[in-house]
Amino acid sequence: MVYRVGWMYERELLTEAQYKHWLGVARFFRALEYMRMVATFGDVPYYDIPLYMETDPDVLYKDRDSRDAVVDKIYEDFNYALKNVRQDDGILFVNKDVVASLVSRWMLFEGTWQKYHLSNTERSKKMLNFAIEAANIVMTSSNQYAITGDYRSVFSSNDLRGNKEVIFYRAYDTDLKVMHSMIGYCNLTQEQTAGVN
């Protein structure tokens with residue numbers, strides 16, 4: 001996605017503002033995927049080039065990069081995304097609050113990992129401060145998120161639009177027959193019996 005956004009910008013199909021926003025979204029998703037891999041595997045090979053045209057075996061089968069090197073790249077991507085993704089890009093699109101909430105979550109994970117598993121207080125402090133910065137973006141957001149305490153309005157609702165507890169969600173459309181069955185499993189008034197999900 002990073003490559004495609006750059007390709008569109010080079011051909012003047014995106015304005016500067018659009019380019020920065022969509023590059024922020026692309027780098028956000030790249031960082032999320034690498035963070036998931038680092039959390040699962042530790043050291044992983046890091047690529048910041050598109051591999052579909054690559055033929056060099058040394059590049060394709062390179063050794064794993066260190067956790068710290070990959071997390072530094074993740075940190076850069078998250079930082080870029082926080083600074084450039086729009087505050088509001090419409091309903092059902094990634095916005096700054098979505099980015100900030102996941103940056104906070106993953107930097108909290110990495111900061112505590114660095115502190116308690118690797119005893120690296122310097123890196124831990126850097127990641128935890130970034131988690132705090134991102135969490136503050138969500139807490140001071142104009143969307144005014146809050147914990148509602150109403151289980152059914154969050155977990156058995158067909159439409160989460162306007163729910164103050166939800167930062168990002170998937171909308172379901174009954175006209176298009178795009179629905180979920182969670183309401184049948186969570187709502188006691190349904191006649192459907194629970195089964196394998």
# chains A, B, ... in the order shown; residues from 1 in each chain; ligands from 1

call {"tool": "residues_around", "arguments": {"residues": "Ala134 (chain A)", "least_positions_apart": "4", "cutoff": "7 Å", "atoms": "only C-alpha atoms", "output": "PDB file with N, CA, C and O atoms, in the first residue's frame"}}
result
ATOM      1  N   ALA A 100      -4.389   6.368  17.064  1.00  0.00           N
ATOM      2  CA  ALA A 100      -3.887   6.634  18.418  1.00  0.00           C
ATOM      3  C   ALA A 100      -4.248   5.513  19.390  1.00  0.00           C
ATOM      4  O   ALA A 100      -3.430   5.138  20.237  1.00  0.00           O
ATOM      5  N   SER A 101      -5.445   4.955  19.271  1.00  0.00           N
ATOM      6  CA  SER A 101      -5.833   3.891  20.204  1.00  0.00           C
ATOM      7  C   SER A 101      -4.969   2.647  20.018  1.00  0.00           C
ATOM      8  O   SER A 101      -4.547   2.026  20.996  1.00  0.00           O
ATOM      9  N   VAL A 103      -1.908   2.581  18.531  1.00  0.00           N
ATOM     10  CA  VAL A 103      -0.531   2.939  18.880  1.00  0.00           C
ATOM     11  C   VAL A 103      -0.356   2.829  20.390  1.00  0.00           C
ATOM     12  O   VAL A 103       0.631   2.256  20.877  1.00  0.00           O
ATOM     13  N   SER A 104      -1.311   3.338  21.132  1.00  0.00           N
ATOM     14  CA  SER A 104      -1.238   3.269  22.592  1.00  0.00           C
ATOM     15  C   SER A 104      -1.180   1.821  23.068  1.00  0.00           C
ATOM     16  O   SER A 104      -0.359   1.455  23.913  1.00  0.00           O
ATOM     17  N   PHE A 130       5.451   7.111  24.442  1.00  0.00           N
ATOM     18  CA  PHE A 130       4.695   7.172  23.184  1.00  0.00           C
ATOM     19  C   PHE A 130       3.276   6.642  23.397  1.00  0.00           C
ATOM     20  O   PHE A 130       2.314   7.182  22.853  1.00  0.00           O
ATOM     21  N   VAL A 138      -6.561  10.150  22.244  1.00  0.00           N
ATOM     22  CA  VAL A 138      -7.897   9.556  22.322  1.00  0.00           C
ATOM     23  C   VAL A 138      -8.706  10.203  23.452  1.00  0.00           C
ATOM     24  O   VAL A 138      -9.871  10.550  23.277  1.00  0.00           O
TER      25      VAL A 138
END

call {"tool": "closest_residue", "arguments": {"among": "A:Tyr47, A:Leu82, A:Leu102, A:Leu32", "to": "Val59 (chain A)", "atoms": "only C-alpha atoms"}}
result
A:Tyr47

call {"tool": "residues_around", "arguments": {"residues": "Val38 (chain A)", "least_positions_apart": "3", "cutoff": "8 Å", "atoms": "only C-alpha atoms", "output": "ChimeraX atom specification"}}
result
/A:34-35,41-44,67,70-71

call {"tool": "atom_distance", "arguments": {"atom1": "CA of Ile137 (chain A)", "atom2": "CA of Ile167 (chain A)"}}
result
12.4 Å

call {"tool": "residues_around", "arguments": {"residues": "region 146-148 of chain A", "least_positions_apart": "4", "cutoff": "12 Å", "atoms": "only C-alpha atoms", "output": "VMD selection string"}}
result
chain A and resid 138 to 142 152 to 154 162 to 167

call {"tool": "write_last_selection", "arguments": {"atoms": "N, CA and C atoms", "output": "PDB file, in the first residue's frame"}}
result
ATOM      1  N   VAL A 138      -6.561  10.150  22.244  1.00  0.00           N
ATOM      2  CA  VAL A 138      -7.897   9.556  22.322  1.00  0.00           C
ATOM      3  C   VAL A 138      -8.706  10.203  23.452  1.00  0.00           C
ATOM      4  N   MET A 139      -8.066  10.384  24.608  1.00  0.00           N
ATOM      5  CA  MET A 139      -8.792  10.918  25.767  1.00  0.00           C
ATOM      6  C   MET A 139      -9.232  12.366  25.572  1.00  0.00           C
ATOM      7  N   THR A 140      -8.499  13.133  24.778  1.00  0.00           N
ATOM      8  CA  THR A 140      -8.864  14.535  24.552  1.00  0.00           C
ATOM      9  C   THR A 140      -9.538  14.738  23.205  1.00  0.00           C
ATOM     10  N   SER A 141      -9.916  13.669  22.551  1.00  0.00           N
ATOM     11  CA  SER A 141     -10.547  13.742  21.242  1.00  0.00           C
ATOM     12  C   SER A 141     -11.887  14.469  21.318  1.00  0.00           C
ATOM     13  N   SER A 142     -12.222  15.131  20.223  1.00  0.00           N
ATOM     14  CA  SER A 142     -13.520  15.806  20.150  1.00  0.00           C
ATOM     15  C   SER A 142     -14.678  14.807  20.132  1.00  0.00           C
ATOM     16  N   ARG A 152     -25.208  -4.788  26.137  1.00  0.00           N
ATOM     17  CA  ARG A 152     -25.977  -5.099  24.936  1.00  0.00           C
ATOM     18  C   ARG A 152     -25.845  -4.032  23.853  1.00  0.00           C
ATOM     19  N   SER A 153     -25.694  -2.773  24.245  1.00  0.00           N
ATOM     20  CA  SER A 153     -25.577  -1.734  23.216  1.00  0.00           C
ATOM     21  C   SER A 153     -24.268  -1.854  22.455  1.00  0.00           C
ATOM     22  N   VAL A 154     -23.265  -2.494  23.040  1.00  0.00           N
ATOM     23  CA  VAL A 154     -21.982  -2.667  22.361  1.00  0.00           C
ATOM     24  C   VAL A 154     -21.917  -4.010  21.645  1.00  0.00           C
ATOM     25  N   GLY A 162     -22.502   6.222  16.797  1.00  0.00           N
ATOM     26  CA  GLY A 162     -22.920   7.085  17.900  1.00  0.00           C
ATOM     27  C   GLY A 162     -22.654   6.518  19.280  1.00  0.00           C
ATOM     28  N   ASN A 163     -22.215   5.274  19.375  1.00  0.00           N
ATOM     29  CA  ASN A 163     -21.907   4.680  20.669  1.00  0.00           C
ATOM     30  C   ASN A 163     -20.569   5.238  21.158  1.00  0.00           C
ATOM     31  N   LYS A 164     -20.571   5.890  22.307  1.00  0.00           N
ATOM     32  CA  LYS A 164     -19.385   6.570  22.829  1.00  0.00           C
ATOM     33  C   LYS A 164     -18.275   5.613  23.259  1.00  0.00           C
ATOM     34  N   GLU A 165     -18.579   4.323  23.361  1.00  0.00           N
ATOM     35  CA  GLU A 165     -17.573   3.362  23.789  1.00  0.00           C
ATOM     36  C   GLU A 165     -16.796   2.772  22.615  1.00  0.00           C
ATOM     37  N   VAL A 166     -17.230   3.042  21.400  1.00  0.00           N
ATOM     38  CA  VAL A 166     -16.669   2.402  20.219  1.00  0.00           C
ATOM     39  C   VAL A 166     -15.834   3.408  19.424  1.00  0.00           C
ATOM     40  N   ILE A 167     -14.582   3.013  19.123  1.00  0.00           N
ATOM     41  CA  ILE A 167     -13.695   3.875  18.346  1.00  0.00           C
ATOM     42  C   ILE A 167     -13.717   3.489  16.874  1.00  0.00           C
TER      43      ILE A 167
END

call {"tool": "closest_residue", "arguments": {"among": "A:Met53, A:Met8, A:Ala31, A:Leu23", "to": "Asn84 (chain A)", "atoms": "only C-alpha atoms"}}
result
A:Leu23

call {"tool": "residues_around", "arguments": {"residues": "region 79-81 of chain A", "least_positions_apart": "5", "cutoff": "8 Å", "atoms": "only C-alpha atoms", "output": "count of residues only"}}
result
8

call {"tool": "select_by_dssp", "arguments": {"residues": "chain A", "states": "helix (DSSP H, G or I)", "output": "VMD selection string"}}
result
chain A and resid 2 to 10 16 to 41 57 to 60 67 to 84 96 to 116 121 to 139 151 to 155 182 to 186

call {"tool": "closest_residue", "arguments": {"among": "A:Tyr145, A:Tyr169, A:Phe155, A:Tyr75", "to": "Leu128 (chain A)", "atoms": "only C-alpha atoms"}}
result
A:Tyr75

call {"tool": "residues_around", "arguments": {"residues": "region 114-127 of chain A", "least_positions_apart": "2", "cutoff": "10 Å", "atoms": "only C-alpha atoms", "output": "NGL selection string"}}
result
:A and (68 or 71-72 or 75 or 103-104 or 106-112 or 129-133)

call {"tool": "write_last_selection", "arguments": {"atoms": "C-alpha atoms", "output": "short mmCIF file (atom, residue, chain, number, x, y, z; two decimals), in the first residue's frame"}}
result
data_model
loop_
_atom_site.label_atom_id
_atom_site.label_comp_id
_atom_site.auth_asym_id
_atom_site.auth_seq_id
_atom_site.Cartn_x
_atom_site.Cartn_y
_atom_site.Cartn_z
CA ASP A 68 14.84 -3.51 18.41
CA VAL A 71 10.40 -1.86 16.57
CA ASP A 72 12.33 1.31 15.68
CA TYR A 75 7.84 3.49 15.97
CA VAL A 103 -0.53 2.94 18.88
CA SER A 104 -1.24 3.27 22.59
CA TRP A 106 0.98 -1.70 21.04
CA MET A 107 3.47 0.74 22.53
CA LEU A 108 2.22 -0.22 26.00
CA PHE A 109 2.83 -3.85 25.05
CA GLU A 110 6.33 -3.16 23.71
CA GLY A 111 7.26 -0.81 26.54
CA THR A 112 6.36 -3.36 29.19
CA ASN A 129 5.90 7.68 26.75
CA PHE A 130 4.70 7.17 23.18
CA ALA A 131 1.80 5.07 24.53
CA ILE A 132 0.89 7.90 26.89
CA GLU A 133 1.07 10.47 24.07
#

call {"tool": "atom_distance", "arguments": {"atom1": "CA of Leu14 (chain A)", "atom2": "CA of Glu76 (chain A)"}}
result
22.7 Å

call {"tool": "atom_distance", "arguments": {"atom1": "CA of Val98 (chain A)", "atom2": "CA of Asp77 (chain A)"}}
result
14.5 Å

call {"tool": "residues_around", "arguments": {"residues": "Trp22 (chain A)", "least_positions_apart": "4", "cutoff": "12 Å", "atoms": "only C-alpha atoms", "output": "ChimeraX atom specification"}}
result
/A:1-9,14-18,26-29,80-86,89,93-96

call {"tool": "decode", "arguments": {"residues": "region 54-127 of chain A", "atoms": "C-alpha atoms", "output": "mmCIF file, in the first residue's frame"}}
result
data_model
loop_
_atom_site.group_PDB
_atom_site.id
_atom_site.type_symbol
_atom_site.label_atom_id
_atom_site.label_comp_id
_atom_site.auth_asym_id
_atom_site.auth_seq_id
_atom_site.Cartn_x
_atom_site.Cartn_y
_atom_site.Cartn_z
ATOM 1 C CA GLU A 54 12.264 -8.623 -6.270
ATOM 2 C CA THR A 55 14.308 -11.519 -7.654
ATOM 3 C CA ASP A 56 17.495 -11.332 -5.572
ATOM 4 C CA PRO A 57 17.578 -14.386 -3.259
ATOM 5 C CA ASP A 58 19.727 -12.504 -0.745
ATOM 6 C CA VAL A 59 16.908 -9.997 -0.328
ATOM 7 C CA LEU A 60 14.081 -12.514 -0.427
ATOM 8 C CA TYR A 61 15.698 -14.903 2.061
ATOM 9 C CA LYS A 62 17.560 -12.470 4.272
ATOM 10 C CA ASP A 63 18.131 -13.168 7.962
ATOM 11 C CA ARG A 64 15.830 -11.854 10.617
ATOM 12 C CA ASP A 65 16.381 -8.306 11.829
ATOM 13 C CA SER A 66 16.627 -7.708 15.560
ATOM 14 C CA ARG A 67 13.486 -6.943 17.510
ATOM 15 C CA ASP A 68 14.844 -3.507 18.408
ATOM 16 C CA ALA A 69 15.575 -2.607 14.763
ATOM 17 C CA VAL A 70 12.083 -3.655 13.657
ATOM 18 C CA VAL A 71 10.397 -1.863 16.566
ATOM 19 C CA ASP A 72 12.330 1.306 15.675
ATOM 20 C CA LYS A 73 10.782 1.124 12.181
ATOM 21 C CA ILE A 74 7.353 0.470 13.722
ATOM 22 C CA TYR A 75 7.836 3.485 15.974
ATOM 23 C CA GLU A 76 8.674 5.660 12.928
ATOM 24 C CA ASP A 77 5.590 4.429 11.047
ATOM 25 C CA PHE A 78 3.288 4.948 14.019
ATOM 26 C CA ASN A 79 4.737 8.407 14.614
ATOM 27 C CA TYR A 80 4.206 9.383 10.963
ATOM 28 C CA ALA A 81 0.651 8.061 11.047
ATOM 29 C CA LEU A 82 -0.207 9.979 14.226
ATOM 30 C CA LYS A 83 1.040 13.200 12.681
ATOM 31 C CA ASN A 84 -0.574 12.807 9.250
ATOM 32 C CA VAL A 85 -3.777 10.748 9.392
ATOM 33 C CA ARG A 86 -6.833 12.997 9.344
ATOM 34 C CA GLN A 87 -8.839 13.560 12.504
ATOM 35 C CA ASP A 88 -12.017 12.689 10.628
ATOM 36 C CA ASP A 89 -12.159 10.930 7.281
ATOM 37 C CA GLY A 90 -15.798 9.927 7.412
ATOM 38 C CA ILE A 91 -17.682 7.024 8.902
ATOM 39 C CA LEU A 92 -15.997 3.599 8.727
ATOM 40 C CA PHE A 93 -12.584 4.959 7.706
ATOM 41 C CA VAL A 94 -9.374 4.953 9.719
ATOM 42 C CA ASN A 95 -8.918 8.271 11.481
ATOM 43 C CA LYS A 96 -6.487 9.734 13.994
ATOM 44 C CA ASP A 97 -8.392 8.281 16.973
ATOM 45 C CA VAL A 98 -8.199 4.760 15.538
ATOM 46 C CA VAL A 99 -4.482 5.177 14.952
ATOM 47 C CA ALA A 100 -3.887 6.634 18.418
ATOM 48 C CA SER A 101 -5.833 3.891 20.204
ATOM 49 C CA LEU A 102 -3.842 1.098 18.540
ATOM 50 C CA VAL A 103 -0.531 2.939 18.880
ATOM 51 C CA SER A 104 -1.238 3.269 22.592
ATOM 52 C CA ARG A 105 -2.076 -0.414 22.898
ATOM 53 C CA TRP A 106 0.976 -1.700 21.038
ATOM 54 C CA MET A 107 3.475 0.742 22.525
ATOM 55 C CA LEU A 108 2.215 -0.218 25.995
ATOM 56 C CA PHE A 109 2.832 -3.848 25.048
ATOM 57 C CA GLU A 110 6.330 -3.160 23.708
ATOM 58 C CA GLY A 111 7.264 -0.815 26.545
ATOM 59 C CA THR A 112 6.363 -3.356 29.193
ATOM 60 C CA TRP A 113 8.074 -6.116 27.183
ATOM 61 C CA GLN A 114 11.272 -4.061 27.066
ATOM 62 C CA LYS A 115 11.048 -3.340 30.784
ATOM 63 C CA TYR A 116 10.130 -6.741 32.194
ATOM 64 C CA HIS A 117 11.614 -9.184 29.662
ATOM 65 C CA LEU A 118 14.666 -7.375 28.345
ATOM 66 C CA SER A 119 15.362 -5.018 31.293
ATOM 67 C CA ASN A 120 15.932 -2.161 28.850
ATOM 68 C CA THR A 121 14.650 0.845 30.786
ATOM 69 C CA GLU A 122 15.690 3.400 28.159
ATOM 70 C CA ARG A 123 13.724 1.767 25.332
ATOM 71 C CA SER A 124 10.907 0.958 27.728
ATOM 72 C CA LYS A 125 10.558 4.600 28.697
ATOM 73 C CA LYS A 126 10.539 5.690 25.037
ATOM 74 C CA MET A 127 7.748 3.245 24.131
#
